[in-house]
>>> print(open('data.txt').read())   # compact mmCIF, C-alpha atoms
# COMPACT_ATOMS: atom_id res chain seq x y z
CA MET A 17 34.24 109.93 -13.39
CA PHE A 18 31.18 109.79 -11.11
CA LYS A 19 33.43 109.80 -8.01
CA LYS A 20 35.26 112.93 -9.25
CA ALA A 21 31.97 114.76 -9.64
CA GLN A 22 31.00 113.75 -6.10
CA VAL A 23 34.30 115.09 -4.68
CA ALA A 24 33.87 118.37 -6.55
CA ASP A 25 30.36 118.67 -5.17
CA THR A 26 31.54 118.07 -1.59
CA VAL A 27 34.40 120.58 -1.93
CA SER A 28 31.99 123.31 -3.08
CA TRP A 29 29.71 122.59 -0.07
CA VAL A 30 32.68 122.74 2.31
CA ILE A 31 33.85 126.05 0.80
CA ALA A 32 30.29 127.42 1.03
CA THR A 33 30.14 126.41 4.71
CA ILE A 34 33.48 128.06 5.42
CA ILE A 35 32.30 131.28 3.73
CA ILE A 36 29.09 131.26 5.79
CA VAL A 37 31.00 130.72 9.04
CA VAL A 38 33.56 133.44 8.23
CA MET A 39 30.79 135.91 7.36
CA LEU A 40 28.95 135.10 10.56
CA PHE A 41 32.14 135.60 12.53
CA LEU A 42 32.67 139.00 10.88
CA PHE A 43 29.11 140.07 11.66
CA ILE A 44 29.47 138.99 15.30
CA LEU A 45 32.73 140.90 15.55
CA GLY A 46 31.09 143.95 13.97
CA SER A 47 28.12 143.92 16.32
CA SER A 48 30.35 143.56 19.37
CA LEU A 49 32.45 146.50 18.16
CA LEU A 50 29.31 148.55 17.52
CA SER A 51 28.02 147.76 21.00
CA GLU A 52 31.01 149.61 22.47
CA THR A 53 29.93 152.80 20.73
CA LYS A 54 26.51 152.88 22.37
CA LYS A 55 26.85 156.38 23.73
CA ILE A 56 24.08 158.89 24.07
CA THR A 57 25.62 162.30 23.62
CA SER A 58 22.69 164.43 22.55
CA TYR A 59 19.03 164.44 23.25
CA LYS A 60 15.78 165.55 21.69
CA GLY A 61 13.85 168.28 23.44
CA SER A 62 10.76 166.17 23.06
CA ILE A 63 9.93 162.92 21.35
CA PHE A 64 8.03 164.90 18.75
CA SER A 65 10.88 167.22 17.80
CA ASP A 66 12.60 166.29 14.59
CA LYS A 67 15.88 167.99 15.42
CA GLU A 68 18.36 167.11 18.12
CA SER A 69 18.75 169.96 20.54
CA ASN A 70 21.98 171.92 20.77
CA PHE A 71 20.70 173.50 23.94
CA TYR A 72 23.68 172.38 26.02
CA SER A 73 26.31 173.99 23.88
CA ASN A 74 24.42 177.27 23.75
CA ILE A 75 23.25 177.82 27.32
CA TYR A 76 26.70 179.11 28.28
CA LEU A 77 26.82 181.38 25.26
CA SER A 78 23.41 182.79 26.18
CA LYS A 79 24.51 183.50 29.74
CA SER A 80 27.67 185.22 28.51
CA LEU A 81 25.76 187.31 25.97
CA TYR A 82 23.24 188.34 28.62
CA ALA A 83 26.17 189.44 30.80
CA TYR A 84 27.64 191.35 27.85
CA HIS A 85 24.42 193.25 27.20
CA ASN A 86 24.09 194.08 30.90
CA ILE A 87 27.45 195.83 31.29
CA GLN A 88 28.11 199.49 30.70
CA GLY A 89 31.16 201.14 29.16
CA THR A 90 31.84 200.91 25.44
CA LYS A 91 35.57 200.07 25.67
CA ASN A 92 35.09 197.19 28.11
CA LYS A 93 32.09 196.02 26.17
CA LEU A 94 34.05 195.77 22.94
CA ASN A 95 36.84 193.69 24.52
CA PHE A 96 34.29 191.57 26.31
CA TYR A 97 32.42 190.83 23.10
CA GLU A 98 35.66 189.68 21.48
CA SER A 99 36.40 187.45 24.48
CA ILE A 100 32.98 185.83 24.27
CA HIS A 101 33.38 185.32 20.57
CA LYS A 102 36.80 183.73 21.13
CA SER A 103 35.51 181.47 23.92
CA PHE A 104 32.67 180.18 21.81
CA SER A 105 34.56 179.95 18.54
CA ASP A 106 33.48 176.30 18.24
CA ASP A 107 29.93 177.48 17.63
CA LYS A 108 29.04 178.59 14.13
CA LEU A 109 29.30 182.34 13.56
CA SER A 110 25.73 182.41 12.23
CA ASP A 111 24.47 180.71 15.44
CA PHE A 112 26.42 183.21 17.51
CA VAL A 113 24.96 186.22 15.68
CA LYS A 114 21.46 184.68 15.73
CA ARG A 115 21.58 184.11 19.48
CA ASP A 116 23.01 187.58 20.05
CA ASN A 117 20.15 189.13 18.08
CA GLU A 118 17.59 187.04 19.97
CA ILE A 119 18.96 188.26 23.32
CA LYS A 120 19.11 191.87 22.09
CA LYS A 121 15.44 191.60 21.12
CA ARG A 122 14.47 190.15 24.50
CA LEU A 123 16.29 192.91 26.36
CA GLY A 124 14.90 195.53 24.01
CA ALA A 125 18.43 196.76 23.25
CA MET B 25 17.16 105.99 -7.22
CA LYS B 26 18.33 104.76 -3.80
CA ASN B 27 21.52 106.83 -4.12
CA LYS B 28 19.56 109.99 -4.88
CA LYS B 29 17.40 109.53 -1.76
CA ALA B 30 20.50 109.12 0.42
CA GLU B 31 22.04 112.24 -1.12
CA GLU B 32 18.89 114.26 -0.45
CA LYS B 33 18.95 113.12 3.18
CA ILE B 34 22.57 114.22 3.58
CA ILE B 35 21.81 117.59 2.02
CA SER B 36 18.82 118.19 4.27
CA VAL B 37 20.97 117.37 7.33
CA TYR B 38 23.57 119.81 6.00
CA TRP B 39 20.94 122.54 5.55
CA PHE B 40 19.70 121.94 9.08
CA PHE B 41 23.27 122.28 10.33
CA ILE B 42 23.72 125.56 8.43
CA LEU B 43 20.39 126.83 9.79
CA VAL B 44 21.51 126.11 13.35
CA ILE B 45 24.84 127.89 12.73
CA ILE B 46 23.11 130.99 11.29
CA ALA B 47 20.51 131.10 14.07
CA GLY B 48 23.27 130.74 16.66
CA GLY B 49 25.23 133.51 14.94
CA ILE B 50 22.24 135.87 14.96
CA LEU B 51 21.68 135.10 18.65
CA LEU B 52 25.32 135.88 19.38
CA MET B 53 25.13 139.14 17.38
CA VAL B 54 22.02 140.34 19.22
CA ASN B 55 23.50 139.31 22.53
CA ALA B 56 26.80 141.09 21.81
CA PHE B 57 25.02 144.30 20.83
CA TYR B 58 22.28 144.51 23.45
CA ASN B 59 24.23 143.09 26.37
CA ASP B 60 26.32 146.25 26.67
CA PRO B 61 24.55 149.12 28.43
CA TYR B 62 24.06 152.55 26.89
CA ASP B 63 26.63 155.05 28.10
CA VAL B 64 24.64 158.11 29.16
CA ARG B 65 27.33 159.64 31.33
CA GLU B 66 28.26 162.28 28.77
CA ILE B 67 24.75 163.68 28.73
CA GLU B 68 24.48 163.25 32.51
CA SER B 69 27.62 165.34 33.06
CA SER B 70 26.26 167.95 30.61
CA ILE B 71 23.02 168.15 32.59
CA LEU B 72 24.99 168.51 35.82
CA SER B 73 27.07 171.36 34.34
CA GLU B 74 23.95 173.05 33.06
CA LYS B 75 22.20 172.77 36.44
CA VAL B 76 25.24 174.25 38.18
CA ALA B 77 25.49 177.08 35.61
CA ASP B 78 21.81 177.90 36.10
CA CYS B 79 22.30 177.97 39.85
CA ILE B 80 25.37 180.23 39.65
CA SER B 81 24.11 182.69 37.08
CA SER B 82 20.75 183.66 35.73
CA SER B 83 20.35 185.95 32.70
CA GLY B 84 24.04 186.80 32.86
CA LYS B 85 23.94 187.94 36.49
CA MET B 86 25.44 186.10 39.44
CA ASN B 87 23.12 184.51 41.97
CA PRO B 88 22.69 187.11 44.78
CA ASN B 89 22.93 184.25 47.30
CA LEU B 90 26.46 183.55 46.04
CA ILE B 91 27.92 187.04 45.92
CA SER B 92 27.00 190.16 47.86
CA SER B 93 26.44 193.56 46.26
CA ASP B 94 29.96 194.48 47.46
CA GLY B 95 31.43 191.67 45.40
CA ILE B 96 32.16 189.37 48.34
CA PHE B 97 31.56 185.67 47.81
CA LYS B 98 29.48 184.04 50.51
CA GLU B 99 30.91 181.03 52.34
CA GLU B 100 27.40 179.97 53.32
CA PHE B 101 26.56 179.29 49.67
CA LYS B 102 29.72 177.22 49.31
CA ASP B 103 28.91 175.17 52.42
CA ASN B 104 25.32 174.53 51.34
CA PHE B 105 26.03 174.35 47.62
CA LEU B 106 24.15 171.08 47.05
CA ASN B 107 21.04 172.28 48.88
CA ARG B 108 21.18 175.72 47.27
CA CYS B 109 21.39 174.22 43.80
CA SER B 110 18.97 171.34 44.50
CA LEU B 111 21.56 168.71 43.74
CA ASN B 112 21.76 165.27 45.26
CA PHE B 113 25.13 163.54 45.21
CA GLU B 114 24.08 160.78 47.62
CA PRO B 115 25.25 157.42 46.25
CA GLU B 116 22.57 154.95 45.21
CA SER B 117 22.44 151.70 47.14
CA LYS B 118 24.63 150.07 44.48
CA TRP B 119 27.63 152.19 45.41
CA SER B 120 29.23 153.12 48.68
CA GLU B 121 31.11 156.09 47.25
CA VAL B 122 29.74 159.31 45.76
CA GLN B 123 29.77 158.97 41.96
CA TYR B 124 29.79 162.70 41.14
CA TYR B 125 32.19 165.59 41.45
CA SER B 126 31.50 169.22 40.76
CA GLU B 127 33.98 172.09 40.82
CA ILE B 128 33.31 175.73 40.07
CA ASN B 129 36.14 178.26 39.80
CA PHE B 130 35.62 181.98 39.57
CA TYR B 131 38.13 184.32 37.95
CA LYS B 132 37.95 188.04 37.44
CA TYR B 133 37.79 189.02 33.79
CA ASN B 134 40.65 191.51 34.26
CA SER B 135 42.93 188.94 35.94
CA PRO B 136 41.95 185.57 34.48
CA ASP B 137 44.83 183.69 36.11
CA LYS B 138 43.86 184.52 39.68
CA ASN B 139 41.22 182.27 41.19
CA VAL B 140 39.03 184.47 43.39
CA PHE B 141 36.66 181.79 44.69
CA ASN B 142 35.95 178.15 44.23
CA ILE B 143 33.32 175.61 45.18
CA THR B 144 34.01 171.87 45.18
CA LYS B 145 31.58 169.12 46.06
CA GLY B 146 31.49 165.38 45.54
CA ASN B 147 34.19 162.77 45.33
CA LEU B 148 37.57 164.38 44.67
CA ASN B 149 39.10 160.97 43.82
CA TRP B 150 37.58 161.09 40.33
CA LYS B 151 39.34 164.34 39.36
CA PRO B 152 42.78 162.87 38.47
CA ASP B 153 41.03 160.35 36.17
CA CYS B 154 40.02 163.22 33.87
CA ASP B 155 43.66 163.68 32.85
CA LEU B 156 44.14 160.05 31.83
CA THR B 157 44.24 159.91 28.07
CA SER B 158 45.03 156.22 27.59
CA LYS B 159 42.21 154.30 25.90
CA LYS B 160 42.31 151.76 28.71
CA TYR B 161 41.37 154.34 31.34
CA LYS B 162 39.19 156.56 29.18
CA LYS B 163 36.01 154.86 30.36
CA LEU B 164 36.69 155.40 34.07
CA VAL B 165 34.95 158.75 34.34
CA VAL B 166 33.28 161.28 32.04
CA CYS B 167 34.38 164.87 32.55
CA ASN B 168 32.59 167.93 31.29
CA LYS B 169 34.34 171.30 31.29
CA LYS B 170 32.41 174.46 30.56
CA GLU B 171 33.01 178.14 31.03
CA PHE B 172 30.99 181.28 30.66
CA TYR B 173 30.93 184.92 31.71
CA SER B 174 28.76 186.49 34.34
CA ILE B 175 28.51 189.83 36.14
CA ASP B 176 27.75 190.84 39.71
CA ASP B 177 25.72 193.81 40.95
CA ALA B 178 28.80 196.05 40.77
CA VAL B 179 29.12 195.09 37.06
CA THR B 180 32.37 193.22 37.68
CA VAL B 181 32.80 190.56 35.02
CA TYR B 182 33.71 187.05 36.18
CA ILE B 183 34.79 183.99 34.23
CA VAL B 184 33.03 180.95 35.66
CA LYS B 185 34.64 177.58 34.95
CA ILE B 186 32.65 174.46 35.72
CA LEU B 187 34.00 170.93 35.89
CA SER B 188 31.45 168.12 36.24
CA ILE B 189 32.48 164.51 36.63
CA VAL B 190 30.29 161.42 36.52
CA ARG B 191 31.73 157.98 37.28
CA LYS B 192 29.01 155.28 37.35
CA THR B 193 31.26 153.04 35.26
CA GLU B 194 29.58 149.76 36.23
CA GLN B 195 26.17 151.02 35.17
CA ASN B 196 27.21 152.52 31.84
CA VAL B 197 30.12 150.53 30.45
>>> encode(input="data.txt", output="structure tokens")
Amino acid sequence: MFKKAQVADTVSWVIATIIIVVMLFLFILGSSLLSETKKITSYKGSIFSDKESNFYSNIYLSKSLYAYHNIQGTKNKLNFYESIHKSFSDDKLSDFVKRDNEIKKRLGA
Amino acid sequence: MKNKKAEEKIISVYWFFILVIIAGGILLMVNAFYNDPYDVREIESSILSEKVADCISSSGKMNPNLISSDGIFKEEFKDNFLNRCSLNFEPESKWSEVQYYSEINFYKYNSPDKNVFNITKGNLNWKPDCDLTSKKYKKLVVCNKKEFYSIDDAVTVYIVKILSIVRKTEQNV
């Protein structure tokens, strides 16, 4: 009777050890998988800014919008605006309009 | 009484063994995570593209050093592109080959299929790696493609397409 209790006790310790080892193995696997995703794809304008900058995606839009506001001729301008809008369709429409208004203001248009 | 003492000893040895396993596991986890370098090539290629775009066009107008008022592209700018744009593609001591490639193609807005001028600098060997889609080769180079519109003095609209490539695989992967 006493021996049976001892065996049961040992089995539970062995199972507990196996669980601990398996969990550790999973965590190690997880951390090594996570280490492969250590990519820096965006940056903060300064260490004090709370928002990550989307400066890179918009610099090309700004240049294109500046070009648009600098050309003459209403017909060309209209087609050109559509082309810019199409090229930067990944950007949110609200961002596009906001940036366009900002540039208009700067140029006094 | 004697049996209980022996049992306690065995259990404390077991706990010590478990402690060593967990500590070893944590060490392995930290090592696995922090041993791999941060891959900053994506942001590096973005910075390169942005620098090139700033050099080519400012406030929507083409750099007057690049294109004359008659709409003729200047070969001198192409030849001295790196100096003109304050770029340095010289390999660091770690590498013998240039780790960057930059290509700028200009198309007229009215005929977007016809390349009117192009500038290429850096190591051309990295360009074919951009087309490799297999996961195995994905880490070879990081390519950044951007395009925008710009005008010259004669108000001709150009489409400017920039391709920036950064290799530096050993340092980032």
>>> residues_around(input="data.txt", residues="Met39 (chain A)", least_positions_apart="3", cutoff="12 Å", atoms="all atoms listed in the file", output="list in words")
Ala32, Thr33, Ile34, Ile35, Ile36, Leu42, Phe43, Ile44, Leu45 and Gly46 of chain A; Ile45, Ile46, Gly49, Ile50 and Met53 of chain B
>>> residues_around(input="data.txt", residues="Ser47 (chain A)", least_positions_apart="5", cutoff="12 Å", atoms="all atoms listed in the file", output="PyMOL selection string")
(chain A and resi 40-42+52-54) or (chain B and resi 49-60)
>>> residues_around(input="data.txt", residues="His101 (chain A)", least_positions_apart="3", cutoff="12 Å", atoms="only C-alpha atoms", output="JSON, numbers by chain")
{"A": [76, 77, 78, 80, 81, 84, 94, 95, 96, 97, 98, 104, 105, 106, 107, 108, 109, 110, 111, 112, 113, 115, 116], "B": [172, 173]}
>>> residues_around(input="data.txt", residues="Thr193 (chain B)", least_positions_apart="6", cutoff="8 Å", atoms="only C-alpha atoms", output="count of residues only")
3
>>> axis_aligned_box(input="data.txt", around="region 131-136 of chain B", padding_each_side="6 Å", output="lines of an AutoDock Vina configuration file")
center_x = 40.4
center_y = 187.9
center_z = 35.9
size_x = 17.1
size_y = 19.2
size_z = 16.2
>>> closest_residue(input="data.txt", among="B:Ser135, B:Ser188, B:Asn196, B:Asn112", to="chain A", atoms="only C-alpha atoms")
B:Asn196
>>> closest_residue(input="data.txt", among="A:Ile119, A:Ala83, A:Ile75, A:Val38", to="Asp78 (chain B)", atoms="all atoms listed in the file")
A:Ile75
>>> closest_residue(input="data.txt", among="B:Lys162, B:Arg108, B:Lys102, B:Lys185", to="Tyr131 (chain B)", atoms="all atoms listed in the file")
B:Lys185
>>> atom_distance(input="data.txt", atom1="CA of Ile56 (chain A)", atom2="CA of Asp63 (chain B)")
6.1 Å
>>> atom_distance(input="data.txt", atom1="CA of Val122 (chain B)", atom2="CA of Pro152 (chain B)")
15.4 Å
>>> closest_residue(input="data.txt", among="A:Lys93, A:Lys79, A:Arg122, A:Lys20", to="Cys79 (chain B)", atoms="all atoms listed in the file")
A:Lys79
>>> closest_residue(input="data.txt", among="B:Val197, B:Val76, B:Val166, B:Val181", to="Ser110 (chain B)", atoms="all atoms listed in the file")
B:Val76
>>> closest_residue(input="data.txt", among="B:Glu127, B:Ile35, B:Gly146, B:Ile186", to="Asp25 (chain A)", atoms="all atoms listed in the file")
B:Ile35
>>> decode(input="data.txt", residues="region 108-140 of chain B", atoms="N, CA and C atoms", output="PDB file, in the first residue's frame")
ATOM      1  N   ARG B 108      26.630  64.764 -56.504  1.00  0.00           N
ATOM      2  CA  ARG B 108      25.543  65.752 -56.591  1.00  0.00           C
ATOM      3  C   ARG B 108      24.481  65.536 -55.500  1.00  0.00           C
ATOM      4  N   CYS B 109      24.247  64.280 -55.189  1.00  0.00           N
ATOM      5  CA  CYS B 109      23.207  63.969 -54.205  1.00  0.00           C
ATOM      6  C   CYS B 109      23.780  63.674 -52.817  1.00  0.00           C
ATOM      7  N   SER B 110      25.058  63.925 -52.646  1.00  0.00           N
ATOM      8  CA  SER B 110      25.742  63.685 -51.360  1.00  0.00           C
ATOM      9  C   SER B 110      25.519  62.264 -50.842  1.00  0.00           C
ATOM     10  N   LEU B 111      25.728  61.320 -51.739  1.00  0.00           N
ATOM     11  CA  LEU B 111      25.581  59.915 -51.336  1.00  0.00           C
ATOM     12  C   LEU B 111      26.952  59.247 -51.341  1.00  0.00           C
ATOM     13  N   ASN B 112      27.118  58.305 -50.450  1.00  0.00           N
ATOM     14  CA  ASN B 112      28.382  57.575 -50.379  1.00  0.00           C
ATOM     15  C   ASN B 112      28.099  56.079 -50.432  1.00  0.00           C
ATOM     16  N   PHE B 113      28.456  55.470 -51.560  1.00  0.00           N
ATOM     17  CA  PHE B 113      28.216  54.034 -51.721  1.00  0.00           C
ATOM     18  C   PHE B 113      29.480  53.219 -51.454  1.00  0.00           C
ATOM     19  N   GLU B 114      30.534  53.877 -50.974  1.00  0.00           N
ATOM     20  CA  GLU B 114      31.792  53.173 -50.722  1.00  0.00           C
ATOM     21  C   GLU B 114      31.568  52.061 -49.704  1.00  0.00           C
ATOM     22  N   PRO B 115      32.052  50.841 -50.010  1.00  0.00           N
ATOM     23  CA  PRO B 115      31.820  49.752 -49.037  1.00  0.00           C
ATOM     24  C   PRO B 115      32.631  49.960 -47.757  1.00  0.00           C
ATOM     25  N   GLU B 116      32.028  49.571 -46.637  1.00  0.00           N
ATOM     26  CA  GLU B 116      32.764  49.648 -45.374  1.00  0.00           C
ATOM     27  C   GLU B 116      33.837  48.568 -45.397  1.00  0.00           C
ATOM     28  N   SER B 117      34.760  48.647 -44.471  1.00  0.00           N
ATOM     29  CA  SER B 117      35.907  47.728 -44.495  1.00  0.00           C
ATOM     30  C   SER B 117      35.481  46.250 -44.466  1.00  0.00           C
ATOM     31  N   LYS B 118      34.286  46.017 -43.916  1.00  0.00           N
ATOM     32  CA  LYS B 118      33.793  44.640 -43.791  1.00  0.00           C
ATOM     33  C   LYS B 118      33.549  43.985 -45.156  1.00  0.00           C
ATOM     34  N   TRP B 119      33.161  44.802 -46.120  1.00  0.00           N
ATOM     35  CA  TRP B 119      32.825  44.264 -47.433  1.00  0.00           C
ATOM     36  C   TRP B 119      33.780  44.762 -48.502  1.00  0.00           C
ATOM     37  N   SER B 120      33.927  43.939 -49.530  1.00  0.00           N
ATOM     38  CA  SER B 120      34.764  44.375 -50.654  1.00  0.00           C
ATOM     39  C   SER B 120      33.894  44.929 -51.768  1.00  0.00           C
ATOM     40  N   GLU B 121      32.615  44.522 -51.764  1.00  0.00           N
ATOM     41  CA  GLU B 121      31.707  44.980 -52.813  1.00  0.00           C
ATOM     42  C   GLU B 121      30.778  46.076 -52.292  1.00  0.00           C
ATOM     43  N   VAL B 122      30.324  46.916 -53.222  1.00  0.00           N
ATOM     44  CA  VAL B 122      29.354  47.962 -52.864  1.00  0.00           C
ATOM     45  C   VAL B 122      28.042  47.287 -52.459  1.00  0.00           C
ATOM     46  N   GLN B 123      27.457  47.734 -51.369  1.00  0.00           N
ATOM     47  CA  GLN B 123      26.262  47.086 -50.814  1.00  0.00           C
ATOM     48  C   GLN B 123      24.957  47.778 -51.225  1.00  0.00           C
ATOM     49  N   TYR B 124      25.071  48.825 -52.038  1.00  0.00           N
ATOM     50  CA  TYR B 124      23.875  49.594 -52.428  1.00  0.00           C
ATOM     51  C   TYR B 124      23.702  49.608 -53.946  1.00  0.00           C
ATOM     52  N   TYR B 125      22.477  49.841 -54.349  1.00  0.00           N
ATOM     53  CA  TYR B 125      22.204  50.071 -55.764  1.00  0.00           C
ATOM     54  C   TYR B 125      21.053  51.069 -55.849  1.00  0.00           C
ATOM     55  N   SER B 126      21.215  52.025 -56.732  1.00  0.00           N
ATOM     56  CA  SER B 126      20.161  53.023 -56.900  1.00  0.00           C
ATOM     57  C   SER B 126      19.893  53.229 -58.388  1.00  0.00           C
ATOM     58  N   GLU B 127      18.621  53.212 -58.742  1.00  0.00           N
ATOM     59  CA  GLU B 127      18.256  53.387 -60.154  1.00  0.00           C
ATOM     60  C   GLU B 127      17.092  54.369 -60.236  1.00  0.00           C
ATOM     61  N   ILE B 128      17.237  55.339 -61.110  1.00  0.00           N
ATOM     62  CA  ILE B 128      16.153  56.315 -61.283  1.00  0.00           C
ATOM     63  C   ILE B 128      15.788  56.327 -62.763  1.00  0.00           C
ATOM     64  N   ASN B 129      14.524  56.120 -63.045  1.00  0.00           N
ATOM     65  CA  ASN B 129      14.034  56.151 -64.432  1.00  0.00           C
ATOM     66  C   ASN B 129      13.040  57.291 -64.595  1.00  0.00           C
ATOM     67  N   PHE B 130      13.186  57.988 -65.684  1.00  0.00           N
ATOM     68  CA  PHE B 130      12.302  59.124 -65.966  1.00  0.00           C
ATOM     69  C   PHE B 130      11.427  58.801 -67.176  1.00  0.00           C
ATOM     70  N   TYR B 131      10.151  59.027 -67.030  1.00  0.00           N
ATOM     71  CA  TYR B 131       9.197  58.812 -68.124  1.00  0.00           C
ATOM     72  C   TYR B 131       8.373  60.086 -68.291  1.00  0.00           C
ATOM     73  N   LYS B 132       8.017  60.357 -69.537  1.00  0.00           N
ATOM     74  CA  LYS B 132       7.138  61.512 -69.739  1.00  0.00           C
ATOM     75  C   LYS B 132       5.718  61.103 -69.378  1.00  0.00           C
ATOM     76  N   TYR B 133       4.989  62.014 -68.793  1.00  0.00           N
ATOM     77  CA  TYR B 133       3.620  61.727 -68.343  1.00  0.00           C
ATOM     78  C   TYR B 133       2.730  61.297 -69.508  1.00  0.00           C
ATOM     79  N   ASN B 134       2.966  61.936 -70.687  1.00  0.00           N
ATOM     80  CA  ASN B 134       2.138  61.623 -71.860  1.00  0.00           C
ATOM     81  C   ASN B 134       2.495  60.288 -72.498  1.00  0.00           C
ATOM     82  N   SER B 135       3.724  59.833 -72.326  1.00  0.00           N
ATOM     83  CA  SER B 135       4.118  58.518 -72.875  1.00  0.00           C
ATOM     84  C   SER B 135       4.837  57.732 -71.769  1.00  0.00           C
ATOM     85  N   PRO B 136       4.060  57.164 -70.851  1.00  0.00           N
ATOM     86  CA  PRO B 136       4.651  56.539 -69.667  1.00  0.00           C
ATOM     87  C   PRO B 136       5.436  55.246 -69.920  1.00  0.00           C
ATOM     88  N   ASP B 137       5.369  54.736 -71.164  1.00  0.00           N
ATOM     89  CA  ASP B 137       6.120  53.504 -71.438  1.00  0.00           C
ATOM     90  C   ASP B 137       7.521  53.781 -71.961  1.00  0.00           C
ATOM     91  N   LYS B 138       7.753  55.009 -72.388  1.00  0.00           N
ATOM     92  CA  LYS B 138       9.044  55.340 -72.997  1.00  0.00           C
ATOM     93  C   LYS B 138       9.970  55.981 -71.968  1.00  0.00           C
ATOM     94  N   ASN B 139      11.064  55.271 -71.703  1.00  0.00           N
ATOM     95  CA  ASN B 139      12.049  55.777 -70.744  1.00  0.00           C
ATOM     96  C   ASN B 139      12.874  56.882 -71.414  1.00  0.00           C
ATOM     97  N   VAL B 140      12.807  58.097 -70.873  1.00  0.00           N
ATOM     98  CA  VAL B 140      13.519  59.199 -71.520  1.00  0.00           C
ATOM     99  C   VAL B 140      14.925  59.396 -70.945  1.00  0.00           C
TER     100      VAL B 140
END
